[in-house]
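Below is the file run-v5.pdb, which contains PDB, C-alpha atoms and all ligand atoms.
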```pdb
MODEL        1
ATOM      1  CA  ILE B   1     -33.425  19.441-145.454
ATOM      2  CA  LYS B   2     -30.153  20.626-146.947
ATOM      3  CA  HIS B   3     -27.950  18.296-148.951
ATOM      4  CA  PRO B   4     -24.980  17.240-146.831
ATOM      5  CA  LEU B   5     -21.453  17.144-148.227
ATOM      6  CA  GLN B   6     -19.123  14.244-147.518
ATOM      7  CA  ASN B   7     -16.790  16.592-145.627
ATOM      8  CA  SER B   8     -16.972  19.856-143.713
ATOM      9  CA  TRP B   9     -14.927  22.628-145.264
ATOM     10  CA  ALA B  10     -13.585  26.002-144.173
ATOM     11  CA  MET B  11     -13.071  28.946-146.475
ATOM     12  CA  TRP B  12     -10.103  31.181-145.632
ATOM     13  CA  PHE B  13      -9.047  34.629-146.774
ATOM     14  CA  PHE B  14      -5.512  35.978-146.825
ATOM     15  CA  LYS B  15      -4.744  39.671-147.178
ATOM     16  CA  ASN B  16      -1.152  40.697-147.540
ATOM     17  CA  ASP B  17      -0.242  43.102-144.737
ATOM     18  CA  LYS B  18       3.537  43.157-144.706
ATOM     19  CA  SER B  19       3.662  44.647-141.196
ATOM     20  CA  ARG B  20       2.384  41.338-139.830
ATOM     21  CA  ASP B  21       3.468  37.702-139.878
ATOM     22  CA  TRP B  22       2.180  35.646-142.773
ATOM     23  CA  LYS B  23       0.052  33.502-140.451
ATOM     24  CA  ASP B  24      -1.601  36.523-138.854
ATOM     25  CA  ASN B  25      -2.932  37.609-142.248
ATOM     26  CA  LEU B  26      -4.896  34.397-142.652
ATOM     27  CA  ARG B  27      -8.533  34.312-141.462
ATOM     28  CA  VAL B  28     -11.397  31.837-141.653
ATOM     29  CA  ILE B  29     -14.404  33.327-143.415
ATOM     30  CA  THR B  30     -16.775  30.490-142.575
ATOM     31  CA  THR B  31     -17.244  26.738-142.553
ATOM     32  CA  PHE B  32     -19.893  24.817-144.480
ATOM     33  CA  ASP B  33     -21.026  21.232-144.900
ATOM     34  CA  THR B  34     -24.034  21.390-147.220
ATOM     35  CA  VAL B  35     -24.487  22.120-150.919
ATOM     36  CA  GLU B  36     -26.819  25.017-150.118
ATOM     37  CA  ASP B  37     -24.414  26.646-147.686
ATOM     38  CA  PHE B  38     -21.601  26.320-150.230
ATOM     39  CA  TRP B  39     -23.639  28.232-152.838
ATOM     40  CA  GLY B  40     -24.716  30.808-150.264
ATOM     41  CA  LEU B  41     -21.072  31.448-149.473
ATOM     42  CA  TYR B  42     -19.950  31.379-153.091
ATOM     43  CA  ASN B  43     -22.657  33.832-154.136
ATOM     44  CA  HIS B  44     -21.897  36.363-151.475
ATOM     45  CA  THR B  45     -18.104  36.433-151.704
ATOM     46  CA  LEU B  46     -16.212  38.393-154.351
ATOM     47  CA  PRO B  47     -15.035  36.358-157.319
ATOM     48  CA  ALA B  48     -11.310  35.621-157.017
ATOM     49  CA  SER B  49     -10.612  37.805-160.065
ATOM     50  CA  LYS B  50     -11.955  40.839-158.158
ATOM     51  CA  LEU B  51      -9.648  40.457-155.145
ATOM     52  CA  GLN B  52      -6.684  42.768-154.694
ATOM     53  CA  SER B  53      -3.276  41.520-155.675
ATOM     54  CA  GLY B  54      -1.626  39.776-152.742
ATOM     55  CA  CYS B  55      -4.859  38.154-151.542
ATOM     56  CA  ASP B  56      -5.682  34.446-151.433
ATOM     57  CA  TYR B  57      -8.766  32.334-150.979
ATOM     58  CA  SER B  58      -8.353  28.839-149.583
ATOM     59  CA  VAL B  59     -10.891  26.096-149.055
ATOM     60  CA  PHE B  60      -9.656  23.245-146.868
ATOM     61  CA  LYS B  61     -11.208  20.333-145.052
ATOM     62  CA  ALA B  62     -12.307  21.421-141.582
ATOM     63  CA  GLY B  63      -9.423  20.916-139.174
ATOM     64  CA  ILE B  64      -6.667  21.505-141.748
ATOM     65  CA  GLN B  65      -5.086  24.952-141.812
ATOM     66  CA  PRO B  66      -4.061  26.147-145.294
ATOM     67  CA  MET B  67      -0.367  26.203-144.454
ATOM     68  CA  TRP B  68       2.637  23.942-144.988
ATOM     69  CA  GLU B  69       3.070  23.520-141.228
ATOM     70  CA  ASP B  70      -0.260  21.792-140.606
ATOM     71  CA  ALA B  71       0.264  18.137-139.676
ATOM     72  CA  GLN B  72      -1.911  17.116-142.644
ATOM     73  CA  ASN B  73       0.071  19.206-145.124
ATOM     74  CA  LYS B  74       3.657  18.934-144.034
ATOM     75  CA  LYS B  75       4.399  15.721-145.946
ATOM     76  CA  GLY B  76       2.227  16.827-148.839
ATOM     77  CA  GLY B  77       2.420  19.115-151.793
ATOM     78  CA  ARG B  78       0.383  20.866-154.437
ATOM     79  CA  TRP B  79      -0.558  20.619-158.061
ATOM     80  CA  LEU B  80       0.098  24.110-159.338
ATOM     81  CA  ILE B  81      -1.562  25.892-162.228
ATOM     82  CA  ASN B  82       0.127  29.139-163.192
ATOM     83  CA  LEU B  83      -1.999  31.646-165.061
ATOM     84  CA  ASN B  84      -0.741  34.443-167.218
ATOM     85  CA  LYS B  85      -1.987  37.987-166.783
ATOM     86  CA  THR B  86      -4.764  37.801-169.359
ATOM     87  CA  GLN B  87      -6.144  34.583-167.843
ATOM     88  CA  ARG B  88      -7.397  36.401-164.739
ATOM     89  CA  GLN B  89     -10.254  37.666-166.898
ATOM     90  CA  THR B  90     -10.716  34.593-169.064
ATOM     91  CA  HIS B  91     -10.010  31.557-166.843
ATOM     92  CA  LEU B  92      -9.409  32.273-163.183
ATOM     93  CA  ASP B  93     -12.970  32.315-161.830
ATOM     94  CA  ASP B  94     -13.983  29.266-163.864
ATOM     95  CA  PHE B  95     -10.902  27.334-162.740
ATOM     96  CA  TRP B  96     -11.504  28.225-159.112
ATOM     97  CA  LEU B  97     -15.199  27.292-159.159
ATOM     98  CA  GLU B  98     -14.486  24.032-160.961
ATOM     99  CA  THR B  99     -11.790  23.212-158.399
ATOM    100  CA  LEU B 100     -14.200  23.921-155.544
ATOM    101  CA  LEU B 101     -16.829  21.666-157.104
ATOM    102  CA  CYS B 102     -14.239  18.884-157.391
ATOM    103  CA  LEU B 103     -13.342  19.362-153.724
ATOM    104  CA  ILE B 104     -16.810  19.412-152.221
ATOM    105  CA  GLY B 105     -18.128  16.795-154.650
ATOM    106  CA  GLU B 106     -15.236  14.450-153.815
ATOM    107  CA  GLY B 107     -14.391  14.470-157.500
ATOM    108  CA  PHE B 108     -11.072  12.671-157.143
ATOM    109  CA  ASP B 109     -12.792   9.307-156.696
ATOM    110  CA  GLU B 110     -10.913   6.856-154.492
ATOM    111  CA  HIS B 111      -8.159   9.425-154.000
ATOM    112  CA  SER B 112     -10.372  12.086-152.419
ATOM    113  CA  GLU B 113      -8.940  11.097-149.022
ATOM    114  CA  GLU B 114      -5.602  12.482-150.194
ATOM    115  CA  ILE B 115      -7.043  15.936-150.774
ATOM    116  CA  CYS B 116      -6.455  18.635-148.158
ATOM    117  CA  GLY B 117      -7.807  21.687-149.980
ATOM    118  CA  ALA B 118      -7.089  24.310-152.588
ATOM    119  CA  THR B 119      -5.780  27.852-152.738
ATOM    120  CA  VAL B 120      -5.997  30.622-155.274
ATOM    121  CA  ASN B 121      -3.292  33.314-155.127
ATOM    122  CA  ILE B 122      -4.019  36.688-156.763
ATOM    123  CA  ARG B 123      -0.689  38.123-157.861
ATOM    124  CA  ASN B 124       0.279  40.817-160.353
ATOM    125  CA  LYS B 125       3.099  38.617-161.625
ATOM    126  CA  GLY B 126       0.525  35.910-162.473
ATOM    127  CA  ASP B 127      -2.254  34.250-160.485
ATOM    128  CA  LYS B 128      -1.864  30.684-159.197
ATOM    129  CA  LEU B 129      -4.197  27.883-158.337
ATOM    130  CA  GLY B 130      -2.940  25.101-156.076
ATOM    131  CA  LEU B 131      -4.574  21.809-155.171
ATOM    132  CA  TRP B 132      -3.039  20.535-151.945
ATOM    133  CA  THR B 133      -2.651  16.836-151.162
ATOM    134  CA  ARG B 134      -1.441  15.191-148.010
ATOM    135  CA  ASP B 135       1.316  12.799-149.059
ATOM    136  CA  ALA B 136       3.847  13.643-151.753
ATOM    137  CA  GLN B 137       5.194  10.050-151.568
ATOM    138  CA  LYS B 138       1.953   8.596-152.910
ATOM    139  CA  THR B 139       3.039   8.697-156.511
ATOM    140  CA  GLU B 140       0.117   6.908-158.171
ATOM    141  CA  ALA B 141      -2.629   8.691-156.239
ATOM    142  CA  THR B 142      -0.938  12.040-156.733
ATOM    143  CA  LYS B 143      -0.604  11.597-160.488
ATOM    144  CA  LYS B 144      -4.216  10.490-160.818
ATOM    145  CA  ILE B 145      -5.336  13.566-158.906
ATOM    146  CA  GLY B 146      -3.300  15.760-161.253
ATOM    147  CA  ILE B 147      -4.792  14.119-164.331
ATOM    148  CA  LYS B 148      -8.292  14.544-162.938
ATOM    149  CA  LEU B 149      -7.680  18.190-162.078
ATOM    150  CA  LYS B 150      -6.382  18.904-165.552
ATOM    151  CA  GLU B 151      -9.394  17.176-167.109
ATOM    152  CA  SER B 152     -11.908  18.901-164.850
ATOM    153  CA  LEU B 153     -10.515  22.340-165.686
ATOM    154  CA  SER B 154     -10.176  21.452-169.383
ATOM    155  CA  VAL B 155      -6.524  22.425-169.340
ATOM    156  CA  PRO B 156      -5.256  21.736-172.875
ATOM    157  CA  PRO B 157      -3.027  18.630-173.081
ATOM    158  CA  LYS B 158      -0.099  20.698-174.342
ATOM    159  CA  ILE B 159      -0.031  22.700-171.103
ATOM    160  CA  VAL B 160       2.009  20.773-168.535
ATOM    161  CA  ILE B 161       1.225  21.198-164.849
ATOM    162  CA  GLY B 162       3.590  20.287-162.038
ATOM    163  CA  PHE B 163       3.386  18.903-158.516
ATOM    164  CA  GLN B 164       5.650  20.351-155.883
ATOM    165  CA  ALA B 165       6.312  19.044-152.376
ATOM    166  CA  HIS B 166       5.726  21.689-149.689
ATOM    167  CA  SER B 167       9.065  20.703-148.146
ATOM    168  CA  ASP B 168      10.683  21.898-151.395
ATOM    169  CA  THR B 169       8.558  25.062-151.575
ATOM    170  CA  ALA B 170       8.946  26.195-147.948
ATOM    171  CA  GLY B 171      11.717  28.716-147.596
ATOM    172  CA  LYS B 172      12.389  29.070-151.297
ATOM    173  CA  ALA B 173      10.826  32.493-151.856
ATOM    174  CA  GLY B 174      11.422  33.713-155.377
ATOM    175  CA  SER B 175      13.391  30.752-156.655
ATOM    176  CA  THR B 176      11.959  28.042-158.858
ATOM    177  CA  VAL B 177      10.817  24.898-157.100
ATOM    178  CA  LYS B 178      11.387  21.598-158.870
ATOM    179  CA  ASN B 179       8.415  19.495-159.897
ATOM    180  CA  ARG B 180       8.154  16.017-158.364
ATOM    181  CA  PHE B 181       5.660  15.005-161.075
ATOM    182  CA  THR B 182       4.085  16.572-164.133
ATOM    183  CA  VAL B 183       0.937  15.696-166.088
TER     184      VAL B 183
HETATM  185  P1  LIG B 201       2.872  32.531-151.643
HETATM  186  O1  LIG B 201       1.832  33.453-151.132
HETATM  187  O2  LIG B 201       2.524  31.091-151.676
HETATM  188  O3  LIG B 201       3.303  32.926-153.120
HETATM  189  O4  LIG B 201       4.184  32.653-150.773
HETATM  190  P2  LIG B 201       3.884  34.287-153.765
HETATM  191  O5  LIG B 201       5.376  34.193-153.627
HETATM  192  O6  LIG B 201       3.463  34.202-155.179
HETATM  193  O7  LIG B 201       3.290  35.461-153.054
HETATM  194  C1  LIG B 201       4.735  33.903-150.421
HETATM  195  C2  LIG B 201       5.355  33.826-149.055
HETATM  196  O8  LIG B 201       4.317  33.650-148.083
HETATM  197  C3  LIG B 201       6.282  32.652-148.819
HETATM  198  O9  LIG B 201       7.590  32.889-149.273
HETATM  199  C4  LIG B 201       6.215  32.534-147.312
HETATM  200  O10 LIG B 201       7.010  33.540-146.717
HETATM  201  C5  LIG B 201       4.759  32.846-147.032
HETATM  202  N1  LIG B 201       3.970  31.609-147.015
HETATM  203  C6  LIG B 201       3.204  31.086-147.995
HETATM  204  N2  LIG B 201       2.648  29.916-147.577
HETATM  205  C7  LIG B 201       1.749  29.079-148.347
HETATM  206  C8  LIG B 201       3.084  29.689-146.313
HETATM  207  C9  LIG B 201       2.839  28.637-145.363
HETATM  208  O11 LIG B 201       2.124  27.669-145.606
HETATM  209  N3  LIG B 201       3.450  28.784-144.171
HETATM  210  C10 LIG B 201       4.256  29.843-143.879
HETATM  211  N4  LIG B 201       4.840  29.899-142.687
HETATM  212  N5  LIG B 201       4.498  30.844-144.755
HETATM  213  C11 LIG B 201       3.914  30.764-145.956
ENDMDL
END
```
Could you quickly redo this structure as structure tokens?
Amino acid sequence: IKHPLQNSWAMWFFKNDKSRDWKDNLRVITTFDTVEDFWGLYNHTLPASKLQSGCDYSVFKAGIQPMWEDAQNKKGGRWLINLNKTQRQTHLDDFWLETLLCLIGEGFDEHSEEICGATVNIRNKGDKLGLWTRDAQKTEATKKIGIKLKESLSVPPKIVIGFQAHSDTAGKAGSTVKNRFTV
């Protein structure tokens, strides 16, 4: 008997093909709901650091699409960790795996309900890791999730990470989005 997870999850892949709409570049790889199936998937997909620039992986609770427009995301936001170019080799894969283990292990304690999923963006200008939550108004829960994420990834205290509401991010390509909270 396999070990069941609290939630079912879907893993998504995004490949940037500029001739198509953003949404049409997003595909589900597979869904999983056991520890064993998670490791099977993890072990047979490329590490994030080996993806081409412009690609994303996302892992979201089953039924939530990894986009701002989903009913479960539209009032939410993300904790964002920006990596510099050298950190793709030194930190990215560890950060991503640790984030996935927090997701599937319900590592945000009583706030795990607030979690929608996580995304890793592979970009030449600097990779990004985002942890998406469902309600940007829930100040206390959101901050606790940010603190826990920072701890779990062993982000040094002097590095500040920010939380951005999707409503602020949507439609602001290129410009800097203000942080609602930082930890
Ligand atoms: P990104 O891939 O999050 O970051 O957004 P990047 O700028 O580092 O590449 C790039 C662009 O993809 C955005 O400006 C949007 O045009 C599109 N995009 C990204 N996301 C997460 C969404 C989304 O959730 N919904 C829609 N409609 N477009 C998105």
Output the residue selection produced by the PyMOL selection byres (((not hetatm)) within 8 of (chain B and resi 201)) on the file above, formatted as a compact mmCIF listing (two decimals) with C-alpha atoms, in the coordinates of the input.
```
# COMPACT_ATOMS: atom_id res chain seq x y z
CA TRP B 22 2.18 35.65 -142.77
CA LYS B 23 0.05 33.50 -140.45
CA GLY B 54 -1.63 39.78 -152.74
CA ASP B 56 -5.68 34.45 -151.43
CA PRO B 66 -4.06 26.15 -145.29
CA MET B 67 -0.37 26.20 -144.45
CA TRP B 68 2.64 23.94 -144.99
CA GLU B 69 3.07 23.52 -141.23
CA ASN B 121 -3.29 33.31 -155.13
CA ARG B 123 -0.69 38.12 -157.86
CA LYS B 125 3.10 38.62 -161.62
CA ASP B 127 -2.25 34.25 -160.49
CA LYS B 128 -1.86 30.68 -159.20
CA ALA B 170 8.95 26.20 -147.95
CA GLY B 171 11.72 28.72 -147.60
CA LYS B 172 12.39 29.07 -151.30
CA ALA B 173 10.83 32.49 -151.86
CA GLY B 174 11.42 33.71 -155.38
```
Given the PyMOL selection byres (((chain B and resi 2-16) around 10) and not hetatm), the residues it picks as a PDB file with C-alpha atoms, in the coordinates of the input:
```pdb
ATOM      1  CA  ILE B   1     -33.425  19.441-145.454  1.00  0.00           C
ATOM      2  CA  ASP B  17      -0.242  43.102-144.737  1.00  0.00           C
ATOM      3  CA  LYS B  18       3.537  43.157-144.706  1.00  0.00           C
ATOM      4  CA  SER B  19       3.662  44.647-141.196  1.00  0.00           C
ATOM      5  CA  ARG B  20       2.384  41.338-139.830  1.00  0.00           C
ATOM      6  CA  ASP B  21       3.468  37.702-139.878  1.00  0.00           C
ATOM      7  CA  TRP B  22       2.180  35.646-142.773  1.00  0.00           C
ATOM      8  CA  LYS B  23       0.052  33.502-140.451  1.00  0.00           C
ATOM      9  CA  ASP B  24      -1.601  36.523-138.854  1.00  0.00           C
ATOM     10  CA  ASN B  25      -2.932  37.609-142.248  1.00  0.00           C
ATOM     11  CA  LEU B  26      -4.896  34.397-142.652  1.00  0.00           C
ATOM     12  CA  ARG B  27      -8.533  34.312-141.462  1.00  0.00           C
ATOM     13  CA  VAL B  28     -11.397  31.837-141.653  1.00  0.00           C
ATOM     14  CA  ILE B  29     -14.404  33.327-143.415  1.00  0.00           C
ATOM     15  CA  THR B  30     -16.775  30.490-142.575  1.00  0.00           C
ATOM     16  CA  THR B  31     -17.244  26.738-142.553  1.00  0.00           C
ATOM     17  CA  PHE B  32     -19.893  24.817-144.480  1.00  0.00           C
ATOM     18  CA  ASP B  33     -21.026  21.232-144.900  1.00  0.00           C
ATOM     19  CA  THR B  34     -24.034  21.390-147.220  1.00  0.00           C
ATOM     20  CA  VAL B  35     -24.487  22.120-150.919  1.00  0.00           C
ATOM     21  CA  GLU B  36     -26.819  25.017-150.118  1.00  0.00           C
ATOM     22  CA  ASP B  37     -24.414  26.646-147.686  1.00  0.00           C
ATOM     23  CA  PHE B  38     -21.601  26.320-150.230  1.00  0.00           C
ATOM     24  CA  LEU B  41     -21.072  31.448-149.473  1.00  0.00           C
ATOM     25  CA  TYR B  42     -19.950  31.379-153.091  1.00  0.00           C
ATOM     26  CA  LEU B  51      -9.648  40.457-155.145  1.00  0.00           C
ATOM     27  CA  GLN B  52      -6.684  42.768-154.694  1.00  0.00           C
ATOM     28  CA  SER B  53      -3.276  41.520-155.675  1.00  0.00           C
ATOM     29  CA  GLY B  54      -1.626  39.776-152.742  1.00  0.00           C
ATOM     30  CA  CYS B  55      -4.859  38.154-151.542  1.00  0.00           C
ATOM     31  CA  ASP B  56      -5.682  34.446-151.433  1.00  0.00           C
ATOM     32  CA  TYR B  57      -8.766  32.334-150.979  1.00  0.00           C
ATOM     33  CA  SER B  58      -8.353  28.839-149.583  1.00  0.00           C
ATOM     34  CA  VAL B  59     -10.891  26.096-149.055  1.00  0.00           C
ATOM     35  CA  PHE B  60      -9.656  23.245-146.868  1.00  0.00           C
ATOM     36  CA  LYS B  61     -11.208  20.333-145.052  1.00  0.00           C
ATOM     37  CA  ALA B  62     -12.307  21.421-141.582  1.00  0.00           C
ATOM     38  CA  GLY B  63      -9.423  20.916-139.174  1.00  0.00           C
ATOM     39  CA  ILE B  64      -6.667  21.505-141.748  1.00  0.00           C
ATOM     40  CA  GLN B  65      -5.086  24.952-141.812  1.00  0.00           C
ATOM     41  CA  PRO B  66      -4.061  26.147-145.294  1.00  0.00           C
ATOM     42  CA  LEU B 103     -13.342  19.362-153.724  1.00  0.00           C
ATOM     43  CA  ILE B 104     -16.810  19.412-152.221  1.00  0.00           C
ATOM     44  CA  GLY B 105     -18.128  16.795-154.650  1.00  0.00           C
ATOM     45  CA  GLU B 106     -15.236  14.450-153.815  1.00  0.00           C
ATOM     46  CA  CYS B 116      -6.455  18.635-148.158  1.00  0.00           C
ATOM     47  CA  GLY B 117      -7.807  21.687-149.980  1.00  0.00           C
ATOM     48  CA  ALA B 118      -7.089  24.310-152.588  1.00  0.00           C
ATOM     49  CA  THR B 119      -5.780  27.852-152.738  1.00  0.00           C
ATOM     50  CA  VAL B 120      -5.997  30.622-155.274  1.00  0.00           C
ATOM     51  CA  ASN B 121      -3.292  33.314-155.127  1.00  0.00           C
TER      52      ASN B 121
END
```
For this session: Find the residues near B:Lys138: any atom within 12 Å, counting all atoms listed in the file, skip ones fewer than 2 places away on the same chain, and give them as a PyMOL selection string.
Result: chain B and resi 75-77+111+113-115+133-136+140-145+163+165+180-181
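Rounded to one decimal, atom CA of B:Ser112 and atom CA of B:Val160 lie 22.1 Å from each other.
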Problem set entry | Computed interatomic separation between atom CA of B:Ile122 and atom CA of B:Thr45 (Å) | 15.0 Å
For this session: I need the residue set behind the PyMOL selection byres (((chain B and resi 90-95) around 8) and not hetatm) for this file; please write it as a list of chain:residue names.
Result: B:Pro47, B:Ala48, B:Ser49, B:Leu83, B:Thr86, B:Gln87, B:Arg88, B:Gln89, B:Trp96, B:Leu97, B:Glu98, B:Thr99, B:Asp127, B:Leu153
Grab the residues selected above and save them as a tab-separated table (two decimals), in the coordinates of the input with C-alpha atoms.
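Once written, result.tsv looks like this:
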```tsv
chain	number	residue	atom	x	y	z
B	47	PRO	CA	-15.04	36.36	-157.32
B	48	ALA	CA	-11.31	35.62	-157.02
B	49	SER	CA	-10.61	37.80	-160.06
B	83	LEU	CA	-2.00	31.65	-165.06
B	86	THR	CA	-4.76	37.80	-169.36
B	87	GLN	CA	-6.14	34.58	-167.84
B	88	ARG	CA	-7.40	36.40	-164.74
B	89	GLN	CA	-10.25	37.67	-166.90
B	96	TRP	CA	-11.50	28.22	-159.11
B	97	LEU	CA	-15.20	27.29	-159.16
B	98	GLU	CA	-14.49	24.03	-160.96
B	99	THR	CA	-11.79	23.21	-158.40
B	127	ASP	CA	-2.25	34.25	-160.49
B	153	LEU	CA	-10.52	22.34	-165.69
```
Seminar exercise, completed: In Å and to one decimal, atom CA of B:Asp70 is distant from atom CA of B:Trp39 by 27.2 Å
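Closest to B:Trp79 among B:Val155, B:Thr139, B:Gly146, B:Leu100 is B:Gly146, based on only C-alpha atoms.
The nearest approach to B:Leu149 among the residues B:Gln137, B:Ala71, B:Asp168, B:Leu129, with only C-alpha atoms taken into account, belongs to B:Leu129.
The smallest atom-to-atom distance between B:Asn124 and any of B:Leu101, B:Asn84, B:Phe108, B:Pro157, using only C-alpha atoms, is found for B:Asn84.
Using all atoms listed in the file for every distance, the candidate list B:Gly162, B:Pro156, B:Gly107, B:Gly126 yields B:Gly162 as the residue closest to B:Thr182.
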